[in-house]
>>> print(open('my_file-v6.cif').read())   # mmCIF, C-alpha atoms and all ligand atoms
data_coords
loop_
_atom_site.label_atom_id
_atom_site.label_comp_id
_atom_site.auth_asym_id
_atom_site.auth_seq_id
_atom_site.Cartn_x
_atom_site.Cartn_y
_atom_site.Cartn_z
CA MET A 1 30.16 -11.39 -30.57
CA ASN A 2 30.74 -10.48 -34.19
CA LEU A 3 27.77 -9.86 -36.40
CA LYS A 4 27.77 -10.85 -40.05
CA THR A 5 27.32 -7.46 -41.72
CA LEU A 6 26.80 -6.22 -45.26
CA LYS A 7 30.58 -6.03 -45.61
CA ASP A 8 30.82 -9.79 -45.08
CA VAL A 9 28.45 -10.95 -47.83
CA GLU A 10 28.12 -10.42 -51.56
CA VAL A 11 24.77 -8.83 -52.41
CA GLU A 12 25.54 -7.44 -55.88
CA GLY A 13 22.62 -8.13 -58.25
CA LYS A 14 20.83 -10.43 -55.79
CA VAL A 15 17.16 -10.76 -54.86
CA VAL A 16 17.21 -9.62 -51.22
CA LEU A 17 14.57 -10.50 -48.66
CA TYR A 18 14.81 -7.36 -46.53
CA ARG A 19 13.45 -8.02 -43.03
CA ALA A 20 12.44 -4.53 -41.95
CA PRO A 21 11.69 -3.20 -38.43
CA TYR A 22 8.51 -1.45 -39.57
CA ASP A 23 6.21 -2.42 -36.69
CA ILE A 24 4.91 1.13 -36.46
CA GLU A 25 1.56 2.16 -35.05
CA ILE A 26 -0.94 3.33 -37.67
CA VAL A 27 -3.40 5.97 -36.46
CA ASN A 28 -6.26 7.03 -38.74
CA GLY A 29 -4.47 5.56 -41.74
CA LYS A 30 -1.22 7.39 -40.99
CA LEU A 31 2.12 6.19 -39.64
CA GLU A 32 2.38 7.42 -36.05
CA ASP A 33 6.14 7.83 -36.36
CA THR A 34 8.43 7.36 -39.35
CA LYS A 35 11.82 7.06 -37.62
CA ARG A 36 11.93 3.30 -37.94
CA ILE A 37 11.73 3.77 -41.70
CA ASP A 38 14.05 6.79 -41.84
CA PHE A 39 16.71 4.88 -39.90
CA THR A 40 16.70 2.07 -42.49
CA LEU A 41 17.25 4.28 -45.54
CA PRO A 42 21.07 3.80 -45.45
CA THR A 43 20.60 0.02 -45.77
CA LEU A 44 18.05 0.36 -48.57
CA ASN A 45 20.15 2.89 -50.48
CA TYR A 46 23.14 0.58 -50.18
CA LEU A 47 21.14 -2.34 -51.60
CA ILE A 48 19.86 -0.12 -54.41
CA SER A 49 23.44 0.92 -55.21
CA LYS A 50 24.35 -2.77 -55.35
CA ASN A 51 21.70 -3.41 -58.01
CA CYS A 52 19.62 -5.66 -55.79
CA LYS A 53 15.94 -6.43 -56.18
CA ILE A 54 14.62 -5.63 -52.71
CA VAL A 55 11.63 -7.48 -51.28
CA ILE A 56 10.52 -5.96 -47.98
CA LEU A 57 9.01 -8.07 -45.21
CA THR A 58 7.68 -6.85 -41.85
CA TYR A 59 4.92 -7.36 -39.35
CA VAL A 60 2.73 -4.60 -38.03
CA GLY A 61 0.63 -4.62 -34.83
CA ARG A 62 -1.30 -7.61 -33.56
CA PRO A 63 -3.78 -8.77 -36.22
CA ASN A 64 -3.80 -12.30 -34.70
CA GLY A 65 -3.43 -14.25 -37.93
CA LYS A 66 -6.24 -12.46 -39.78
CA VAL A 67 -6.39 -9.74 -42.40
CA VAL A 68 -7.00 -6.40 -40.66
CA GLU A 69 -7.51 -3.56 -43.15
CA SER A 70 -6.06 -0.89 -40.86
CA LEU A 71 -2.80 -2.85 -40.42
CA LYS A 72 -1.87 -3.25 -44.09
CA THR A 73 1.60 -2.19 -45.19
CA ASN A 74 0.35 0.17 -47.93
CA VAL A 75 1.16 3.25 -45.83
CA HIS A 76 4.70 1.99 -45.29
CA ALA A 77 5.17 1.48 -49.05
CA LYS A 78 3.78 4.93 -49.79
CA TYR A 79 6.05 6.67 -47.28
CA LEU A 80 9.09 4.73 -48.55
CA SER A 81 8.26 5.71 -52.13
CA GLU A 82 8.30 9.36 -51.10
CA LYS A 83 11.56 9.07 -49.16
CA LEU A 84 13.42 7.12 -51.84
CA GLY A 85 11.95 9.07 -54.74
CA LYS A 86 10.95 5.88 -56.53
CA ASN A 87 7.90 3.67 -56.62
CA VAL A 88 7.71 0.93 -54.00
CA GLU A 89 5.08 -1.50 -55.24
CA LYS A 90 2.84 -3.15 -52.64
CA LEU A 91 1.33 -6.64 -53.00
CA ASP A 92 -1.53 -7.96 -50.84
CA THR A 93 0.32 -11.19 -50.13
CA CYS A 94 3.65 -12.36 -48.72
CA PHE A 95 4.46 -15.29 -51.02
CA GLY A 96 3.30 -17.38 -54.00
CA GLU A 97 3.00 -16.90 -57.75
CA ASP A 98 2.14 -13.19 -57.57
CA VAL A 99 5.32 -12.47 -55.67
CA LEU A 100 7.51 -14.64 -57.91
CA ASP A 101 6.02 -13.09 -61.07
CA TYR A 102 6.51 -9.59 -59.73
CA ILE A 103 10.15 -10.26 -58.83
CA LYS A 104 10.74 -11.42 -62.44
CA SER A 105 9.35 -8.12 -63.72
CA MET A 106 11.52 -5.99 -61.39
CA ASN A 107 14.54 -4.06 -62.58
CA THR A 108 17.67 -3.96 -60.47
CA GLY A 109 17.32 -1.39 -57.68
CA ASP A 110 13.53 -1.83 -57.55
CA LEU A 111 11.63 -2.42 -54.33
CA LEU A 112 8.59 -4.47 -53.44
CA MET A 113 6.62 -4.29 -50.18
CA LEU A 114 4.97 -7.51 -49.03
CA GLU A 115 1.80 -7.61 -46.90
CA ASN A 116 1.85 -7.61 -43.09
CA VAL A 117 3.17 -11.11 -42.34
CA ARG A 118 1.16 -11.30 -39.10
CA PHE A 119 -1.93 -11.76 -41.28
CA TYR A 120 -0.77 -15.39 -41.45
CA LYS A 121 -1.34 -17.56 -38.39
CA GLY A 122 1.98 -19.35 -38.97
CA GLU A 123 4.00 -16.19 -38.38
CA ILE A 124 3.96 -16.11 -34.58
CA GLU A 125 4.21 -19.92 -34.44
CA ASP A 126 7.45 -19.82 -36.44
CA ASP A 127 5.75 -22.24 -38.85
CA ASP A 128 8.39 -23.81 -41.07
CA ASN A 129 6.15 -24.11 -44.13
CA LEU A 130 5.45 -20.38 -44.01
CA ALA A 131 9.17 -19.68 -43.51
CA ARG A 132 10.02 -21.76 -46.60
CA GLU A 133 7.35 -20.01 -48.68
CA LEU A 134 8.72 -16.61 -47.64
CA CYS A 135 12.19 -17.63 -48.83
CA LYS A 136 11.10 -18.78 -52.30
CA GLY A 137 12.64 -16.69 -55.06
CA MET A 138 15.06 -14.98 -52.66
CA ASP A 139 18.87 -15.21 -52.73
CA ILE A 140 19.82 -13.71 -49.37
CA ILE A 141 18.28 -12.10 -46.27
CA VAL A 142 19.30 -8.68 -45.03
CA PHE A 143 18.01 -8.46 -41.46
CA ASP A 144 17.33 -5.03 -39.97
CA ALA A 145 14.55 -5.97 -37.54
CA PHE A 146 16.50 -5.32 -34.35
CA PRO A 147 13.34 -4.47 -32.34
CA GLN A 148 12.01 -7.95 -33.20
CA ALA A 149 15.32 -9.79 -32.63
CA HIS A 150 13.96 -11.47 -29.48
CA ARG A 151 10.95 -12.96 -31.29
CA LYS A 152 10.81 -16.51 -32.59
CA HIS A 153 8.62 -15.99 -35.65
CA ALA A 154 8.50 -17.31 -39.22
CA SER A 155 9.77 -13.93 -40.44
CA THR A 156 12.69 -13.95 -38.00
CA THR A 157 14.21 -17.28 -36.93
CA GLY A 158 12.08 -19.07 -39.54
CA VAL A 159 13.48 -17.48 -42.68
CA LEU A 160 16.97 -17.28 -41.17
CA ARG A 161 17.03 -21.10 -40.94
CA HIS A 162 16.79 -21.40 -44.70
CA LEU A 163 18.85 -18.65 -46.32
CA GLU A 164 22.21 -16.99 -46.07
CA SER A 165 21.90 -13.72 -44.14
CA ALA A 166 23.58 -10.62 -42.81
CA VAL A 167 22.42 -7.72 -40.65
CA GLY A 168 21.71 -4.32 -42.19
CA PHE A 169 23.26 -1.03 -41.05
CA TYR A 170 20.35 -0.19 -38.74
CA PHE A 171 20.60 -3.51 -36.87
CA GLU A 172 24.35 -3.16 -36.67
CA LYS A 173 24.08 0.34 -35.16
CA GLU A 174 21.47 -0.61 -32.54
CA PHE A 175 23.40 -3.71 -31.54
CA SER A 176 26.85 -2.21 -31.39
CA GLN A 177 25.85 0.90 -29.45
CA ILE A 178 24.30 -1.25 -26.71
CA GLN A 179 27.24 -3.62 -26.80
CA ASN A 180 29.52 -0.63 -26.30
CA ILE A 181 27.50 0.57 -23.35
CA ILE A 182 27.58 -2.76 -21.53
CA SER A 183 30.94 -4.24 -22.45
CA ASN A 184 33.18 -1.29 -23.13
CA ILE A 185 32.24 0.86 -20.16
CA LYS A 186 34.19 4.06 -19.62
CA ARG A 187 33.72 5.15 -16.00
CA PRO A 188 31.99 6.80 -14.31
CA PHE A 189 28.99 5.06 -15.89
CA ILE A 190 25.69 6.71 -14.88
CA SER A 191 22.29 5.21 -15.73
CA VAL A 192 19.13 7.30 -15.63
CA ILE A 193 15.85 5.41 -15.28
CA GLY A 194 12.34 6.80 -15.31
CA GLY A 195 9.02 6.25 -17.02
CA ALA A 196 6.04 4.26 -15.88
CA LYS A 197 6.53 0.54 -16.27
CA VAL A 198 8.66 -1.01 -13.55
CA SER A 199 7.65 -4.55 -14.54
CA ASP A 200 9.16 -4.19 -18.02
CA LYS A 201 12.34 -2.72 -16.60
CA VAL A 202 13.10 -4.84 -13.51
CA LEU A 203 15.78 -7.00 -15.09
CA ALA A 204 17.41 -4.12 -16.92
CA ILE A 205 17.48 -1.91 -13.79
CA LYS A 206 18.90 -4.79 -11.77
CA LYS A 207 21.65 -5.27 -14.31
CA LEU A 208 22.28 -1.53 -14.62
CA ALA A 209 22.53 -1.26 -10.84
CA GLN A 210 25.29 -3.86 -10.99
CA ILE A 211 27.31 -2.39 -13.83
CA SER A 212 26.75 1.36 -13.38
CA ASP A 213 28.49 3.51 -10.82
CA LEU A 214 25.18 5.21 -10.06
CA VAL A 215 21.57 4.73 -11.19
CA LEU A 216 19.52 7.92 -11.01
CA VAL A 217 15.84 7.06 -10.66
CA GLY A 218 12.94 9.38 -11.48
CA GLY A 219 9.43 9.25 -12.95
CA GLY A 220 6.85 6.64 -11.99
CA VAL A 221 9.69 4.19 -11.32
CA ALA A 222 10.91 6.42 -8.48
CA ASN A 223 7.38 6.39 -7.03
CA ALA A 224 7.58 2.60 -6.80
CA PHE A 225 10.98 2.80 -5.11
CA LEU A 226 9.73 5.42 -2.64
CA LEU A 227 6.70 3.26 -1.83
CA GLU A 228 8.93 0.27 -1.19
CA GLN A 229 11.11 2.42 1.05
CA GLY A 230 8.09 3.34 3.16
CA PHE A 231 7.60 6.93 2.02
CA ASN A 232 4.11 8.40 1.77
CA ILE A 233 3.41 8.91 -1.94
CA SER A 234 -0.31 9.60 -1.48
CA ASP A 235 -2.13 9.34 -4.85
CA SER A 236 0.99 9.22 -7.02
CA PHE A 237 1.03 6.93 -10.01
CA VAL A 238 2.42 3.45 -9.39
CA GLU A 239 2.12 0.79 -12.01
CA ASN A 240 -0.63 -1.71 -11.39
CA ILE A 241 1.32 -4.92 -11.91
CA GLU A 242 -1.67 -7.22 -11.68
CA VAL A 243 -3.27 -5.56 -14.66
CA ASN A 244 -0.14 -5.57 -16.76
CA LYS A 245 0.96 -9.08 -15.96
CA ALA A 246 -2.45 -10.73 -15.76
CA SER A 247 -1.18 -14.04 -17.11
CA GLU A 248 1.60 -14.42 -14.56
CA LYS A 249 1.46 -14.87 -10.85
CA PRO A 250 0.67 -11.35 -9.68
CA LYS A 251 3.48 -9.65 -7.84
CA SER A 252 3.24 -6.50 -5.81
CA ILE A 253 5.21 -3.49 -6.92
CA GLU A 254 7.12 -3.68 -3.63
CA ASP A 255 8.21 -7.24 -4.48
CA LEU A 256 9.46 -6.10 -7.88
CA VAL A 257 11.52 -3.31 -6.40
CA ASP A 258 12.77 -5.73 -3.78
CA GLU A 259 13.94 -8.00 -6.60
CA ILE A 260 16.00 -5.16 -8.00
CA VAL A 261 17.63 -4.34 -4.70
CA SER A 262 17.96 -7.88 -3.34
CA ASP A 263 21.61 -8.02 -4.31
CA LYS A 264 22.65 -5.86 -1.40
CA THR A 265 26.36 -6.23 -1.96
CA SER A 266 26.25 -3.99 -4.98
CA VAL A 267 22.93 -2.21 -4.68
CA ASP A 268 21.78 0.09 -1.96
CA PHE A 269 19.66 3.17 -1.64
CA VAL A 270 21.22 6.55 -1.60
CA ILE A 271 19.34 9.73 -0.97
CA PRO A 272 21.22 12.34 -2.99
CA ASP A 273 22.08 14.72 -0.16
CA ARG A 274 24.08 11.83 1.22
CA VAL A 275 25.58 10.73 -2.08
CA LYS A 276 29.05 12.04 -1.46
CA GLY A 277 31.20 9.61 0.41
CA VAL A 278 28.65 6.82 0.50
CA GLU A 279 30.31 3.53 -0.26
CA GLY A 280 28.65 0.53 -1.86
CA GLY A 281 25.35 2.21 -2.62
CA ASN A 282 24.36 3.20 -6.08
CA ILE A 283 20.64 3.82 -6.55
CA VAL A 284 19.86 7.51 -6.25
CA LEU A 285 16.33 8.64 -5.50
CA PRO A 286 15.00 12.20 -5.89
CA ILE A 287 15.16 14.52 -2.90
CA ASP A 288 12.33 16.78 -3.99
CA PHE A 289 9.38 16.74 -6.33
CA LYS A 290 6.88 18.66 -8.40
CA VAL A 291 3.56 17.38 -7.19
CA GLU A 292 0.01 18.06 -8.27
CA ILE A 293 -2.35 19.19 -5.49
CA ASN A 294 -5.89 20.24 -6.37
CA GLY A 295 -4.90 20.48 -10.03
CA LYS A 296 -1.97 22.80 -9.33
CA ALA A 297 1.79 22.22 -9.46
CA GLN A 298 3.65 22.62 -6.19
CA SER A 299 7.17 21.83 -4.93
CA LEU A 300 7.68 19.39 -2.06
CA LEU A 301 10.82 18.15 -0.33
CA ILE A 302 11.15 14.45 0.40
CA GLU A 303 10.87 15.08 4.16
CA GLU A 304 7.58 16.93 3.63
CA LEU A 305 5.84 13.95 2.01
CA LYS A 306 4.86 12.41 5.35
CA ASP A 307 2.93 15.47 6.52
CA ILE A 308 0.66 15.91 3.56
CA ASN A 309 -1.94 14.02 1.53
CA GLY A 310 -3.96 14.30 -1.65
CA PHE A 311 -0.92 14.84 -3.88
CA LYS A 312 0.48 13.20 -6.97
CA ILE A 313 4.23 13.19 -7.62
CA LYS A 314 4.51 14.15 -11.28
CA ASP A 315 8.12 15.27 -11.72
CA VAL A 316 11.40 15.45 -9.85
CA GLY A 317 12.08 18.80 -8.20
CA GLU A 318 14.62 21.57 -8.76
CA ASN A 319 17.12 20.37 -6.15
CA THR A 320 17.06 16.91 -7.66
CA ASN A 321 17.67 18.40 -11.10
CA LYS A 322 20.78 20.11 -9.77
CA VAL A 323 22.04 16.97 -8.07
CA PHE A 324 21.39 14.83 -11.17
CA ALA A 325 23.13 17.40 -13.41
CA ASP A 326 26.13 17.51 -11.03
CA ILE A 327 26.43 13.75 -10.99
CA LEU A 328 26.08 13.50 -14.78
CA ALA A 329 28.73 16.17 -15.33
CA SER A 330 31.47 13.69 -14.40
CA ALA A 331 30.09 10.80 -16.46
CA LYS A 332 31.94 9.13 -19.32
CA THR A 333 29.10 6.70 -20.12
CA VAL A 334 25.37 7.44 -19.78
CA PHE A 335 22.37 5.20 -20.45
CA TRP A 336 18.96 6.85 -20.23
CA ASN A 337 15.58 5.17 -20.37
CA GLY A 338 12.30 6.72 -19.28
CA PRO A 339 11.08 10.29 -18.65
CA MET A 340 11.67 11.85 -15.20
CA GLY A 341 8.08 13.03 -15.02
CA VAL A 342 4.82 13.52 -16.88
CA PHE A 343 6.60 15.46 -19.64
CA GLU A 344 3.43 15.58 -21.73
CA GLN A 345 2.37 18.42 -19.37
CA GLU A 346 4.64 21.46 -19.57
CA GLU A 347 4.79 22.09 -15.79
CA TYR A 348 6.01 18.54 -15.15
CA SER A 349 8.54 18.35 -18.01
CA PHE A 350 11.55 20.03 -16.37
CA GLY A 351 13.11 16.90 -14.88
CA SER A 352 13.11 15.23 -18.28
CA ARG A 353 14.36 18.35 -20.05
CA ASN A 354 17.21 18.59 -17.56
CA ILE A 355 18.48 15.15 -18.66
CA LEU A 356 17.79 15.97 -22.30
CA LYS A 357 19.88 19.13 -22.10
CA PHE A 358 22.73 17.17 -20.61
CA MET A 359 22.54 14.43 -23.28
CA LYS A 360 22.56 16.97 -26.09
CA ASN A 361 25.97 18.28 -25.07
CA PHE A 362 27.37 15.01 -23.79
CA LYS A 363 30.63 14.04 -25.46
CA GLY A 364 31.05 10.59 -23.94
CA MET A 365 29.33 7.33 -24.79
CA GLY A 366 25.58 7.68 -24.38
CA LEU A 367 22.34 6.00 -25.30
CA ILE A 368 18.74 7.17 -25.11
CA ALA A 369 16.23 4.33 -25.32
CA GLY A 370 12.48 3.80 -24.94
CA GLY A 371 9.44 4.78 -26.97
CA ASP A 372 8.37 7.64 -24.72
CA SER A 373 11.94 8.79 -24.14
CA ILE A 374 12.39 9.17 -27.90
CA ALA A 375 9.01 10.94 -28.10
CA LEU A 376 10.38 13.33 -25.49
CA VAL A 377 13.45 14.05 -27.61
CA ASP A 378 11.14 14.72 -30.54
CA LYS A 379 8.90 17.01 -28.52
CA PHE A 380 11.57 19.28 -27.04
CA ASP A 381 14.38 18.96 -29.58
CA ASN A 382 15.31 17.26 -32.81
CA ILE A 383 16.34 13.64 -33.00
CA GLU A 384 19.10 14.58 -35.47
CA ASN A 385 20.93 16.46 -32.71
CA PHE A 386 21.42 13.24 -30.78
CA GLU A 387 24.01 10.74 -31.85
CA TYR A 388 23.01 7.75 -29.75
CA ILE A 389 19.37 6.83 -30.11
CA SER A 390 17.76 3.42 -29.78
CA LEU A 391 14.35 2.93 -31.37
CA ALA A 392 13.98 -0.59 -30.08
CA GLY A 393 12.48 -0.25 -26.58
CA GLY A 394 11.95 -3.75 -25.21
CA ALA A 395 14.73 -5.37 -27.25
CA THR A 396 17.25 -2.81 -25.97
CA LEU A 397 16.29 -3.45 -22.34
CA ASP A 398 16.45 -7.20 -22.99
CA MET A 399 19.94 -6.92 -24.40
CA ILE A 400 21.04 -4.79 -21.45
CA SER A 401 19.65 -7.43 -19.08
CA GLY A 402 21.87 -9.97 -20.77
CA LYS A 403 19.19 -11.90 -22.64
CA LYS A 404 20.36 -13.64 -25.79
CA PHE A 405 18.39 -12.86 -28.92
CA VAL A 406 17.10 -15.88 -30.83
CA VAL A 407 18.20 -14.51 -34.21
CA ILE A 408 21.82 -13.92 -33.22
CA PRO A 409 23.16 -17.44 -33.86
CA TYR A 410 22.11 -17.03 -37.51
CA LEU A 411 23.54 -13.55 -37.85
CA SER A 412 26.98 -14.11 -36.32
CA LYS A 413 30.26 -14.84 -38.02
P1 LIG B 1 9.74 4.57 -22.16
O1 LIG B 1 8.73 4.32 -23.26
O2 LIG B 1 10.68 5.68 -22.50
O3 LIG B 1 10.44 3.31 -21.73
P2 LIG B 1 7.67 4.35 -20.16
O4 LIG B 1 6.76 3.77 -21.18
O5 LIG B 1 8.13 3.45 -19.09
O6 LIG B 1 8.93 5.06 -20.87
O7 LIG B 1 6.94 5.58 -19.44
C1 LIG B 1 6.62 6.80 -20.06
C2 LIG B 1 5.48 7.47 -19.35
O8 LIG B 1 5.76 7.62 -17.97
C3 LIG B 1 5.20 8.86 -19.85
O9 LIG B 1 3.96 8.86 -20.53
C4 LIG B 1 5.13 9.72 -18.58
O10 LIG B 1 4.03 10.60 -18.55
C5 LIG B 1 5.00 8.69 -17.50
N1 LIG B 1 5.49 9.18 -16.21
C6 LIG B 1 6.71 9.61 -15.89
N2 LIG B 1 6.76 10.04 -14.61
C7 LIG B 1 5.53 9.87 -14.10
C8 LIG B 1 4.94 10.13 -12.82
N3 LIG B 1 5.64 10.65 -11.80
N4 LIG B 1 3.63 9.85 -12.66
C9 LIG B 1 2.91 9.32 -13.68
N5 LIG B 1 3.41 9.05 -14.91
C10 LIG B 1 4.71 9.32 -15.11
MG MG B 2 6.71 3.61 -23.26
#
>>> encode(input="my_file-v6.cif", output="structure tokens")
Amino acid sequence: MNLKTLKDVEVEGKVVLYRAPYDIEIVNGKLEDTKRIDFTLPTLNYLISKNCKIVILTYVGRPNGKVVESLKTNVHAKYLSEKLGKNVEKLDTCFGEDVLDYIKSMNTGDLLMLENVRFYKGEIEDDDNLARELCKGMDIIVFDAFPQAHRKHASTTGVLRHLESAVGFYFEKEFSQIQNIISNIKRPFISVIGGAKVSDKVLAIKKLAQISDLVLVGGGVANAFLLEQGFNISDSFVENIEVNKASEKPKSIEDLVDEIVSDKTSVDFVIPDRVKGVEGGNIVLPIDFKVEINGKAQSLLIEELKDINGFKIKDVGENTNKVFADILASAKTVFWNGPMGVFEQEEYSFGSRNILKFMKNFKGMGLIAGGDSIALVDKFDNIENFEYISLAGGATLDMISGKKFVVIPYLSK
């Protein structure tokens, strides 16, 4: 798969519809996290250097086709103005005379921020009239919305139907680093999976279990695996699938895990003290834990779980950390999604920090993905120290699972 990139199209002096990935949570009028903007600055600076007029389009949150004051793109425009050192004008609309007039008044290298396109009902319906309106006055689309690449919306597939397009540098980086991980695997390939939401990760874990040499499982995901394996996990957190997937036929967490491990020819359970010499098995569960009992942190071995109650598994234990570090030491490719424990609490952050420390010094091909996993990097280190970062969450897991993105046919050579 070859993407059409900025090197493949002529943008010099053009009016560019820049589809940005700026779906960023706004809390009390402030951007919760600016990385999705920071990561797009190379594309924007390139377009500025090419004397483009840059018209920025994004959606933010779930306003359900209505104007929601707290979800306007003014904060995005303000932050961009600061970062680029030049004014980014914001209009309260996405198309029409105001937009066309403003574009006429722009100098080359100027930027304009359009309103949150989800204020229009037609956006999530991929309404073709809205798509055509969005394209009026534009010469070409530069598409950087990798996290939205799986969505069939007017601002994604819609506009791409009507105008020439290419991906921006941010899209290209996200896409190619995942493509490298899954199709250019240097072995051993070790995946590390944690976090809370098994239901979001089933397909990706299933795929990773097929293509990785080992999948190390921690966090709330490990709790679900332990439950399915018949271990006593007492009051530990396990995702409540029926709440999360209310619209679908409810499935038990055991069924979901079973789905992951149903392909027994390539997937089997391995308890780490038996890892060495085990053939054909590649899912590695923790052998010990940091649990919370009566509000206090305590260490428990896996064989002690059956004798005790009233505990919550909140992190992997010290022995597991050693085993995971030993396994990772031989890796040439590493994919990591999801914290190993409740890292928000210091005493349960060591499993996650163990992986983080490894990733920081890792010289092979790596990728850290997932909203909370990136938050973890931010909390204990600096994102700039890590070469391979994905900000896309769901889209990254989708691509790993082998799903085809709806925008790709338009953005390929
Ligand atoms: P990501 O966003 O990186 O994909 P998730 O959203 O799946 O990760 O999960 C992150 C959350 O999982 C964190 O808030 C963390 O506290 C929680 N978590 C990890 N391990 C446990 C555990 N053993 N018990 C409860 N919550 C956990
Ligand atoms: Mg998350």
>>> closest_atom_pairs(input="my_file-v6.cif", of="chain A", to="ligand MG 2 (chain B)", cutoff="9 Å", atoms="only C-alpha atoms and all ligand atoms", output="Markdown table")
| residue | atom | partner | partner_atom | distance |
| --- | --- | --- | --- | --- |
| A:Gly195 | CA | B:MG2 | MG | 7.2 |
| A:Ala196 | CA | B:MG2 | MG | 7.4 |
| A:Lys197 | CA | B:MG2 | MG | 7.6 |
| A:Gly338 | CA | B:MG2 | MG | 7.5 |
| A:Gly370 | CA | B:MG2 | MG | 6.0 |
| A:Gly371 | CA | B:MG2 | MG | 4.8 |
| A:Asp372 | CA | B:MG2 | MG | 4.6 |
| A:Ser373 | CA | B:MG2 | MG | 7.4 |
| A:Gly393 | CA | B:MG2 | MG | 7.7 |
>>> closest_residue(input="my_file-v6.cif", among="A:Phe335, A:Tyr410, A:Tyr46, A:Phe231", to="Ala369 (chain A)", atoms="only C-alpha atoms")
A:Phe335
>>> residues_near_ligand(input="my_file-v6.cif", ligand="ligand LIG 1 (chain B)", cutoff="10 Å", atoms="all atoms listed in the file", output="PyMOL selection string")
chain A and resi 193-201+218-224+235-239+289-292+312-316+336-345+348-349+351-352+368-376+391-394+397
>>> residues_around(input="my_file-v6.cif", residues="Val9 (chain A)", least_positions_apart="6", cutoff="9 Å", atoms="all atoms listed in the file", output="ChimeraX atom specification")
/A:164-166
>>> closest_residue(input="my_file-v6.cif", among="A:Leu134, A:Ala77, A:Ile283, A:Val142", to="Lys206 (chain A)", atoms="only C-alpha atoms")
A:Ile283
>>> residues_around(input="my_file-v6.cif", residues="region 16-22 of chain A", least_positions_apart="4", cutoff="9 Å", atoms="all atoms listed in the file", output="PyMOL selection string")
chain A and resi 11+34+36-37+40+44+47+52-60+73+76+134-135+138-148+155-156+168
>>> write_last_selection(input="my_file-v6.cif", atoms="C-alpha atoms", output="PDB file, in the frame of the given file")
ATOM      1  CA  VAL A  11      24.770  -8.830 -52.410  1.00  0.00           C
ATOM      2  CA  THR A  34       8.430   7.360 -39.350  1.00  0.00           C
ATOM      3  CA  ARG A  36      11.930   3.300 -37.940  1.00  0.00           C
ATOM      4  CA  ILE A  37      11.730   3.770 -41.700  1.00  0.00           C
ATOM      5  CA  THR A  40      16.700   2.070 -42.490  1.00  0.00           C
ATOM      6  CA  LEU A  44      18.050   0.360 -48.570  1.00  0.00           C
ATOM      7  CA  LEU A  47      21.140  -2.340 -51.600  1.00  0.00           C
ATOM      8  CA  CYS A  52      19.620  -5.660 -55.790  1.00  0.00           C
ATOM      9  CA  LYS A  53      15.940  -6.430 -56.180  1.00  0.00           C
ATOM     10  CA  ILE A  54      14.620  -5.630 -52.710  1.00  0.00           C
ATOM     11  CA  VAL A  55      11.630  -7.480 -51.280  1.00  0.00           C
ATOM     12  CA  ILE A  56      10.520  -5.960 -47.980  1.00  0.00           C
ATOM     13  CA  LEU A  57       9.010  -8.070 -45.210  1.00  0.00           C
ATOM     14  CA  THR A  58       7.680  -6.850 -41.850  1.00  0.00           C
ATOM     15  CA  TYR A  59       4.920  -7.360 -39.350  1.00  0.00           C
ATOM     16  CA  VAL A  60       2.730  -4.600 -38.030  1.00  0.00           C
ATOM     17  CA  THR A  73       1.600  -2.190 -45.190  1.00  0.00           C
ATOM     18  CA  HIS A  76       4.700   1.990 -45.290  1.00  0.00           C
ATOM     19  CA  LEU A 134       8.720 -16.610 -47.640  1.00  0.00           C
ATOM     20  CA  CYS A 135      12.190 -17.630 -48.830  1.00  0.00           C
ATOM     21  CA  MET A 138      15.060 -14.980 -52.660  1.00  0.00           C
ATOM     22  CA  ASP A 139      18.870 -15.210 -52.730  1.00  0.00           C
ATOM     23  CA  ILE A 140      19.820 -13.710 -49.370  1.00  0.00           C
ATOM     24  CA  ILE A 141      18.280 -12.100 -46.270  1.00  0.00           C
ATOM     25  CA  VAL A 142      19.300  -8.680 -45.030  1.00  0.00           C
ATOM     26  CA  PHE A 143      18.010  -8.460 -41.460  1.00  0.00           C
ATOM     27  CA  ASP A 144      17.330  -5.030 -39.970  1.00  0.00           C
ATOM     28  CA  ALA A 145      14.550  -5.970 -37.540  1.00  0.00           C
ATOM     29  CA  PHE A 146      16.500  -5.320 -34.350  1.00  0.00           C
ATOM     30  CA  PRO A 147      13.340  -4.470 -32.340  1.00  0.00           C
ATOM     31  CA  GLN A 148      12.010  -7.950 -33.200  1.00  0.00           C
ATOM     32  CA  SER A 155       9.770 -13.930 -40.440  1.00  0.00           C
ATOM     33  CA  THR A 156      12.690 -13.950 -38.000  1.00  0.00           C
ATOM     34  CA  GLY A 168      21.710  -4.320 -42.190  1.00  0.00           C
TER      35      GLY A 168
END
>>> closest_residue(input="my_file-v6.cif", among="A:Asn385, A:Ser105, A:Thr43, A:Ser390", to="Glu174 (chain A)", atoms="all atoms listed in the file")
A:Ser390
>>> atom_distance(input="my_file-v6.cif", atom1="CA of Glu115 (chain A)", atom2="CA of Lys78 (chain A)")
13.0 Å
>>> closest_residue(input="my_file-v6.cif", among="A:His153, A:Lys306, A:Lys296, A:Lys207", to="Leu227 (chain A)", atoms="all atoms listed in the file")
A:Lys306
>>> closest_residue(input="my_file-v6.cif", among="A:Arg132, A:Val27, A:Val15, A:Asn116", to="Leu160 (chain A)", atoms="only C-alpha atoms")
A:Arg132
>>> closest_residue(input="my_file-v6.cif", among="A:Ile302, A:Val377, A:Val217, A:Ser70", to="Asn28 (chain A)", atoms="all atoms listed in the file")
A:Ser70
>>> residues_around(input="my_file-v6.cif", residues="Tyr102 (chain A)", least_positions_apart="4", cutoff="10 Å", atoms="only C-alpha atoms", output="list in words")
Glu89, Leu91, Glu97, Asp98, Met106 and Leu112 of chain A
